[in-house]
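Visitor: Sharing my_file_10.txt (compact mmCIF, C-alpha atoms) below.
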# COMPACT_ATOMS: atom_id res chain seq x y z
CA MET L 1 149.81 122.98 107.79
CA ILE L 2 148.99 119.23 107.70
CA SER L 3 151.30 117.20 105.52
CA ARG L 4 149.97 114.71 102.96
CA ARG L 5 151.28 111.88 105.14
CA GLN L 6 149.40 113.18 108.20
CA PHE L 7 146.21 113.57 106.14
CA VAL L 8 146.32 109.98 104.89
CA ILE L 9 146.99 108.63 108.39
CA GLY L 10 144.08 110.65 109.72
CA MET L 11 141.73 109.38 107.05
CA LEU L 12 142.66 105.75 107.74
CA SER L 13 141.88 106.00 111.43
CA GLY L 14 138.98 106.89 113.65
CA PRO L 15 135.39 107.30 112.39
CA PHE L 16 136.32 107.27 108.70
CA LEU L 17 138.05 103.91 108.93
CA TYR L 18 135.14 102.43 110.93
CA GLY L 19 132.63 103.66 108.35
CA ALA L 20 134.63 102.24 105.47
CA LEU L 21 134.95 98.86 107.15
CA ARG L 22 131.25 98.88 108.03
CA LEU L 23 130.29 99.59 104.41
CA THR L 24 132.53 96.79 103.17
CA HIS L 25 130.90 94.38 105.63
CA LEU L 26 127.39 95.33 104.53
CA LEU L 27 128.26 94.91 100.87
CA HIS L 28 129.68 91.43 101.37
CA ALA L 29 127.47 90.13 104.16
CA PRO L 30 125.05 87.32 103.23
CA ARG L 31 121.50 88.51 102.55
CA PRO L 32 119.07 87.76 105.38
CA ILE L 33 116.73 84.83 104.82
CA LEU L 34 113.12 85.86 104.18
CA HIS L 35 110.43 83.52 105.45
CA LEU L 36 107.09 82.94 103.74
CA THR L 37 104.38 80.55 104.86
CA ILE L 38 101.73 78.67 102.89
CA MET L 39 98.80 77.07 104.72
CA GLY L 40 95.56 75.41 103.73
CA ALA L 41 94.10 72.48 101.80
CA SER L 42 96.10 69.31 102.39
CA SER L 43 95.00 67.99 98.98
CA CYS L 44 97.30 70.52 97.28
CA MET L 45 100.32 70.22 99.54
CA GLY L 46 101.89 67.34 97.60
CA TYR L 47 101.93 69.50 94.49
CA VAL L 48 103.28 72.53 96.34
CA LYS L 49 106.07 70.56 97.99
CA ALA L 50 107.11 69.07 94.67
CA VAL L 51 107.32 72.28 92.63
CA LEU L 52 108.44 74.72 95.32
CA PRO L 53 112.19 73.85 95.25
CA LYS L 54 112.51 75.16 91.69
CA TRP L 55 111.09 78.52 92.74
CA GLU L 56 113.33 78.64 95.81
CA GLN L 57 116.38 78.01 93.63
CA GLY L 58 115.67 81.26 91.85
CA HIS L 59 115.09 83.03 95.17
CA ASN L 60 117.94 81.73 97.29
CA SER L 61 117.32 84.21 100.09
CA VAL L 62 113.75 82.99 100.63
CA HIS L 63 112.57 80.02 102.69
CA VAL L 64 108.96 78.85 102.33
CA ALA L 65 107.28 76.86 105.09
CA ILE L 66 104.26 74.68 104.27
CA SER L 67 101.50 73.41 106.53
CA GLY L 68 98.06 71.86 106.03
CA GLY L 69 95.17 72.39 108.39
CA GLY L 70 92.37 72.74 105.87
CA SER L 71 90.99 75.40 103.57
CA TYR L 72 89.19 77.45 106.19
CA ALA L 73 92.15 77.38 108.58
CA GLY L 74 94.44 78.67 105.82
CA LEU L 75 92.06 81.48 104.90
CA LYS L 76 91.65 82.51 108.52
CA ALA L 77 95.42 82.56 109.06
CA LEU L 78 95.82 84.68 105.92
CA ALA L 79 93.21 87.17 107.11
CA HIS L 80 94.98 87.48 110.47
CA GLY L 81 98.36 88.06 108.84
CA GLN L 82 99.80 84.79 110.15
CA VAL L 83 100.66 83.45 106.68
CA GLU L 84 101.38 85.03 103.31
CA LEU L 85 99.57 82.52 101.10
CA ALA L 86 96.53 80.30 101.67
CA ILE L 87 95.39 77.40 99.51
CA ALA L 88 91.68 76.67 99.67
CA ASP L 89 89.17 74.78 97.57
CA VAL L 90 86.27 76.87 98.84
CA ILE L 91 85.19 80.45 98.26
CA PRO L 92 85.26 82.27 101.61
CA PRO L 93 81.69 82.84 102.81
CA PRO L 94 80.59 86.47 103.30
CA GLY L 95 82.05 87.91 106.49
CA TYR L 96 84.61 85.13 106.97
CA ILE L 97 87.42 87.24 105.51
CA VAL L 98 87.45 90.98 106.19
CA VAL L 99 90.50 91.90 104.10
CA PRO L 100 90.56 92.12 100.27
CA LEU L 101 92.09 89.02 98.65
CA ARG L 102 93.42 87.99 95.27
CA ARG L 103 92.49 84.51 93.99
CA TYR L 104 94.65 82.41 91.63
CA PRO L 105 92.74 79.32 90.41
CA LEU L 106 94.64 76.04 90.20
CA GLY L 107 92.07 73.86 88.42
CA ARG L 108 89.84 71.01 89.57
CA ILE L 109 90.31 68.12 91.98
CA PRO L 110 87.78 65.28 91.55
CA ILE L 111 86.13 64.07 94.76
CA VAL L 112 85.05 60.43 94.53
CA ILE L 113 82.74 58.38 96.72
CA ALA L 114 84.43 55.29 98.11
CA ALA L 115 82.93 52.36 100.02
CA HIS L 116 84.13 49.14 101.60
CA PRO L 117 84.22 46.47 98.87
CA GLY L 118 81.97 44.23 100.96
CA VAL L 119 78.92 46.42 100.35
CA GLY L 120 78.46 44.70 96.99
CA ILE L 121 77.19 47.85 95.23
CA THR L 122 78.98 49.78 92.51
CA ARG L 123 76.46 52.51 91.61
CA LEU L 124 74.42 54.92 93.68
CA SER L 125 71.72 57.35 92.67
CA TRP L 126 72.16 60.90 93.88
CA ARG L 127 69.29 60.34 96.29
CA GLN L 128 70.84 57.15 97.66
CA ALA L 129 74.23 58.79 98.13
CA ARG L 130 72.62 61.73 99.90
CA GLN L 131 70.61 59.52 102.24
CA LEU L 132 73.63 57.33 103.01
CA PHE L 133 75.69 60.32 104.12
CA GLN L 134 72.73 61.76 106.02
CA GLY L 135 72.32 58.54 107.97
CA ILE L 136 68.77 57.95 106.65
CA ILE L 137 69.86 54.72 104.96
CA GLN L 138 71.38 52.81 107.86
CA ASN L 139 71.85 49.34 106.37
CA TRP L 140 73.10 48.38 102.91
CA ARG L 141 70.25 45.87 102.49
CA GLN L 142 67.90 48.86 102.14
CA ILE L 143 69.35 49.51 98.67
CA GLY L 144 70.04 45.95 97.56
CA GLY L 145 73.29 45.23 99.38
CA PRO L 146 74.12 42.76 102.14
CA ASP L 147 72.87 43.02 105.72
CA ILE L 148 75.66 45.33 106.92
CA PRO L 149 75.21 48.57 108.89
CA VAL L 150 76.27 51.74 107.08
CA VAL L 151 79.28 53.53 108.61
CA VAL L 152 79.68 57.12 107.37
CA VAL L 153 83.21 58.53 107.21
CA SER L 154 83.64 62.27 106.67
CA ARG L 155 86.11 65.14 106.99
CA PRO L 156 86.06 67.97 109.55
CA LEU L 157 84.32 71.29 109.01
CA SER L 158 87.62 72.89 107.99
CA SER L 159 87.83 70.63 104.92
CA GLY L 160 87.10 71.98 101.48
CA ALA L 161 86.21 68.48 100.28
CA ARG L 162 83.50 68.29 102.92
CA ASP L 163 82.22 71.68 101.82
CA VAL L 164 81.92 70.44 98.22
CA VAL L 165 80.03 67.28 99.22
CA GLN L 166 77.82 69.30 101.54
CA THR L 167 77.00 71.87 98.88
CA ARG L 168 76.71 69.75 95.75
CA LEU L 169 75.33 66.50 97.17
CA LEU L 170 73.63 67.10 100.51
CA GLY L 171 72.40 70.64 99.89
CA GLU L 172 70.48 71.85 102.94
CA SER L 173 70.77 68.44 104.63
CA GLU L 174 73.44 67.57 107.18
CA PHE L 175 75.90 64.71 107.52
CA SER L 176 74.97 61.89 109.85
CA PRO L 177 75.66 62.92 113.47
CA HIS L 178 77.27 59.49 113.91
CA ALA L 179 79.82 60.01 111.12
CA ILE L 180 83.44 59.13 111.86
CA ILE L 181 85.54 62.25 111.31
CA GLN L 182 89.00 61.83 109.79
CA LEU L 183 91.45 64.66 109.21
CA SER L 184 92.95 63.64 105.86
CA ASN L 185 92.33 61.82 102.60
CA GLY L 186 94.61 59.02 103.67
CA ALA L 187 92.82 58.55 106.98
CA VAL L 188 89.42 58.46 105.26
CA ALA L 189 90.66 55.92 102.70
CA LYS L 190 92.17 53.69 105.38
CA THR L 191 89.03 53.77 107.51
CA VAL L 192 86.74 53.00 104.57
CA ARG L 193 88.99 50.21 103.34
CA GLU L 194 89.21 48.54 106.75
CA THR L 195 85.67 49.09 108.10
CA PRO L 196 82.86 46.80 106.86
CA GLY L 197 79.91 48.84 105.62
CA ALA L 198 81.87 52.10 105.47
CA ILE L 199 81.31 54.87 102.92
CA GLY L 200 83.23 58.12 102.57
CA TYR L 201 84.72 60.50 100.03
CA VAL L 202 88.30 61.30 99.02
CA GLU L 203 89.96 63.77 96.73
CA ALA L 204 91.54 61.99 93.79
CA VAL L 205 95.03 63.34 94.44
CA MET L 206 95.91 59.99 96.01
CA PRO L 207 96.14 56.49 94.45
CA LEU L 208 92.67 55.01 94.12
CA GLY L 209 93.59 51.50 93.01
CA ASN L 210 92.86 49.90 96.38
CA LEU L 211 89.54 51.72 96.90
CA HIS L 212 86.04 50.65 95.87
CA ILE L 213 84.91 53.72 93.89
CA MET L 214 81.17 54.18 93.42
CA CYS L 215 79.47 55.47 90.28
CA LEU L 216 77.09 58.34 90.95
CA GLY L 217 73.94 58.48 88.86
CA ASN L 218 74.97 58.03 85.23
CA HIS L 219 78.56 59.02 85.89
CA CYS L 220 81.55 56.82 86.69
CA TYR L 221 84.92 58.29 87.56
CA GLN L 222 87.46 57.72 84.79
CA ARG L 223 91.11 58.25 85.58
CA ASN L 224 91.83 59.09 81.93
CA ASP L 225 89.06 61.72 81.84
CA PRO L 226 88.88 63.16 85.37
CA GLY L 227 87.70 66.56 84.26
CA GLN L 228 84.26 65.15 83.42
CA TRP L 229 83.56 63.82 86.91
CA VAL L 230 80.58 65.46 88.59
CA LEU L 231 81.96 66.17 92.09
CA PHE L 232 85.04 68.32 92.24
CA ALA L 233 86.79 70.93 94.32
CA GLU L 234 88.19 74.07 92.73
CA PRO L 235 91.38 74.87 94.65
CA ALA L 236 92.97 78.28 94.42
CA ILE L 237 95.78 80.26 95.94
CA PHE L 238 94.73 83.28 97.95
CA ILE L 239 96.92 86.22 98.92
CA ARG L 240 96.11 89.57 100.42
CA GLU L 241 95.38 92.35 97.96
CA ASP L 242 98.25 94.39 99.42
CA ALA L 243 100.76 91.49 99.27
CA GLU L 244 104.34 92.38 98.39
CA ALA L 245 105.76 91.58 94.96
CA LEU L 246 107.60 88.47 96.19
CA VAL L 247 104.36 86.90 97.41
CA VAL L 248 102.61 87.73 94.13
CA ASP L 249 105.48 86.13 92.23
CA LEU L 250 105.17 82.90 94.23
CA ALA L 251 101.39 82.78 93.81
CA GLU L 252 101.67 83.24 90.05
CA TYR L 253 104.36 80.56 89.83
CA LEU L 254 102.25 77.99 91.70
CA ALA L 255 99.16 78.82 89.64
CA GLN L 256 100.96 78.40 86.32
CA ASP L 257 103.23 75.39 86.82
CA PRO L 258 102.26 72.78 84.18
CA ARG L 259 102.92 69.81 86.49
CA ARG L 260 99.58 70.13 88.30
CA PRO L 261 97.82 67.18 86.58
CA ALA L 262 100.54 64.85 87.86
CA PHE L 263 99.26 65.67 91.35
CA GLY L 264 95.55 65.28 90.64
CA ILE L 265 94.82 68.94 89.85
CA TYR L 266 93.29 69.10 86.38
CA PRO L 267 92.29 71.98 84.10
CA GLU L 268 88.63 72.68 83.60
CA PRO L 269 87.25 70.85 80.53
CA ALA L 270 87.27 72.94 77.39
CA GLN L 271 83.47 72.82 77.12
CA GLY L 272 83.01 73.73 80.79
CA GLY L 273 80.20 72.26 82.85
CA ARG L 274 80.34 69.38 85.28
CA GLY L 275 80.26 66.46 82.91
Turn this file's structure into structure tokens for me.
Guide:
Amino acid sequence: MISRRQFVIGMLSGPFLYGALRLTHLLHAPRPILHLTIMGASSCMGYVKAVLPKWEQGHNSVHVAISGGGSYAGLKALAHGQVELAIADVIPPPGYIVVPLRRYPLGRIPIVIAAHPGVGITRLSWRQARQLFQGIIQNWRQIGGPDIPVVVVSRPLSSGARDVVQTRLLGESEFSPHAIIQLSNGAVAKTVRETPGAIGYVEAVMPLGNLHIMCLGNHCYQRNDPGQWVLFAEPAIFIREDAEALVVDLAEYLAQDPRRPAFGIYPEPAQGGRG
């Protein structure tokens, strides 16, 4: 017969002791860090970077990486399972995404037309703006400005801002084949500001005080009433339909944070429409 003392010694040694120690380690070990990635429209990344730390504080085992690259790049990466969230200010064209997605609208981002101050013009008709970006109007004197060649500055094909200007201004026409392509709002603004005769477009998530902003038709961009401007992107967060609960939680948080207007993302006007 085994004594009580022998039983206790046996229980505190061998496999039983190893299992008990292993369980204690698992219970007290730090939780593994989960990694999520957001990719897409650079116009929204300032907002995301600013509000994300608050969400991470409530999810201290989660690290979120952020990268730009453009709306289409973010959507493609999401479809291929390379990221968990994409931010895009375009609706994916048919066939571009082959997996079901959920869309969380963020609001509107005005897209303004900016030109070098030396062009001497403050208002363009829709037809003039279209022909300038097409390269049909090649000198500002053709529309009442000085004798300065027109220099078109645009964004790459991956840009949602370009997609908006293409769709709502150019329609079936194409940008000038001689357009200077810049990858970001800041690069477009710098090129336009420093290049005589330049014209381009920027999303109004950046300071516009040092840019020569053009009126378009009967509309002039007003900082205190941006929702009524006629050219705008409609950014949204996209996740896969089968995304896990943590990804859904992050998407809902980003779509509902009230600080969006501070970063140039405004709610749709109450009356709707485009101003």
Visitor: For a quick check of understanding, using all atoms listed in the file, which of L:Ser158, L:Ser43, L:Thr122, L:Gln134 has the smallest distance to Glu172 of chain L?
Guide: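 Closest to Glu172 of chain L of all the choices is L:Gln134.
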Visitor: Applying 10 Å and only C-alpha atoms, which residues near Leu75 of chain L remain after dropping the ones on its own chain fewer than 2 positions away? List them as an mmCIF file with C-alpha atoms, in the coordinates of the input.
Guide:
data_model
loop_
_atom_site.group_PDB
_atom_site.id
_atom_site.type_symbol
_atom_site.label_atom_id
_atom_site.label_comp_id
_atom_site.auth_asym_id
_atom_site.auth_seq_id
_atom_site.Cartn_x
_atom_site.Cartn_y
_atom_site.Cartn_z
ATOM 1 C CA MET L 39 98.800 77.070 104.720
ATOM 2 C CA GLY L 40 95.560 75.410 103.730
ATOM 3 C CA ALA L 41 94.100 72.480 101.800
ATOM 4 C CA GLY L 70 92.370 72.740 105.870
ATOM 5 C CA SER L 71 90.990 75.400 103.570
ATOM 6 C CA TYR L 72 89.190 77.450 106.190
ATOM 7 C CA ALA L 73 92.150 77.380 108.580
ATOM 8 C CA ALA L 77 95.420 82.560 109.060
ATOM 9 C CA LEU L 78 95.820 84.680 105.920
ATOM 10 C CA ALA L 79 93.210 87.170 107.110
ATOM 11 C CA HIS L 80 94.980 87.480 110.470
ATOM 12 C CA GLY L 81 98.360 88.060 108.840
ATOM 13 C CA GLN L 82 99.800 84.790 110.150
ATOM 14 C CA VAL L 83 100.660 83.450 106.680
ATOM 15 C CA LEU L 85 99.570 82.520 101.100
ATOM 16 C CA ALA L 86 96.530 80.300 101.670
ATOM 17 C CA ILE L 87 95.390 77.400 99.510
ATOM 18 C CA ALA L 88 91.680 76.670 99.670
ATOM 19 C CA VAL L 90 86.270 76.870 98.840
ATOM 20 C CA ILE L 91 85.190 80.450 98.260
ATOM 21 C CA PRO L 92 85.260 82.270 101.610
ATOM 22 C CA TYR L 96 84.610 85.130 106.970
ATOM 23 C CA ILE L 97 87.420 87.240 105.510
ATOM 24 C CA LEU L 101 92.090 89.020 98.650
ATOM 25 C CA ILE L 237 95.780 80.260 95.940
ATOM 26 C CA PHE L 238 94.730 83.280 97.950
ATOM 27 C CA ILE L 239 96.920 86.220 98.920
#
Visitor: Using all atoms listed in the file, which residues sit within 12 Å of Ser173 of chain L once same-chain residues fewer than 3 positions away are excluded, as a PyMOL selection string?
Guide: chain L and resi 127+130-136+165-170+176-177
Visitor: What is the distance, in Å and to one decimal place, between atom CA of Gln222 of chain L and atom CA of Tyr201 of chain L?
Guide: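 Those two atoms sit 15.7 Å apart.
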Visitor: As an exercise, work out the distance from atom CA of Pro94 of chain L to atom CA of Glu241 of chain L in Å and give it to one decimal place.
Guide: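 About the pair atom CA of Pro94 of chain L and atom CA of Glu241 of chain L: they are 16.8 Å apart.
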Visitor: From the options L:Tyr47, L:Phe175, L:Trp55, L:Trp140, which residue's atoms come nearest to Val152 of chain L, counting only C-alpha atoms?
Guide: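 Looking at the shortest contact to Val152 of chain L, the residue is L:Phe175.
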Visitor: Using all atoms listed in the file, find the one residue out of L:Pro267, L:Ala65, L:Val188, L:Ser42 that sits nearest to Gln228 of chain L.
Guide: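 For Gln228 of chain L, the nearest of the given residues is L:Pro267.
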Visitor: Using all atoms listed in the file for the distances, tell me which of L:Arg260, L:Gln128, L:Ile111, L:Thr191 is nearest to Gln142 of chain L.
Guide: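 Smallest separation from Gln142 of chain L among the options: L:Gln128.
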Visitor: Using Å and a single decimal, report how far atom CA of Val164 of chain L sits from atom CA of Gly68 of chain L.
Guide: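 About the pair atom CA of Gly68 of chain L and atom CA of Val164 of chain L: they are 18.0 Å apart.
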Visitor: Which polymer residues, whether protein, DNA or RNA, lie within 6 Å of the coordinate (115.8, 82.7, 104.1) when you count all atoms listed in the file? List them as a ChimeraX atom specification, using the chain letters and numbers from the file.
Guide: /L:33-35,61-63
Visitor: Between L:Leu246, L:Ala233, L:Val205, L:Leu157, which is the closest to Gly46 of chain L once you count all atoms listed in the file?
Guide: L:Val205
Visitor: Please identify all polymer residues within 8 Å of Ala204 of chain L, counting only C-alpha atoms, omitting same-chain residues fewer than 5 positions from it, and present them as JSON, numbers by chain.
Guide: {"L": [109, 110, 111, 112, 264]}
Visitor: From (82.4, 62.5, 105.7), in the file's coordinates, out to 8 Å: which residues are reached, counting only C-alpha atoms? Answer as a list of chain:residue names.
Guide: L:Phe133, L:Val152, L:Val153, L:Ser154, L:Arg155, L:Pro156, L:Arg162, L:Phe175, L:Ala179, L:Ile180, L:Ile181, L:Gln182, L:Gly200, L:Tyr201
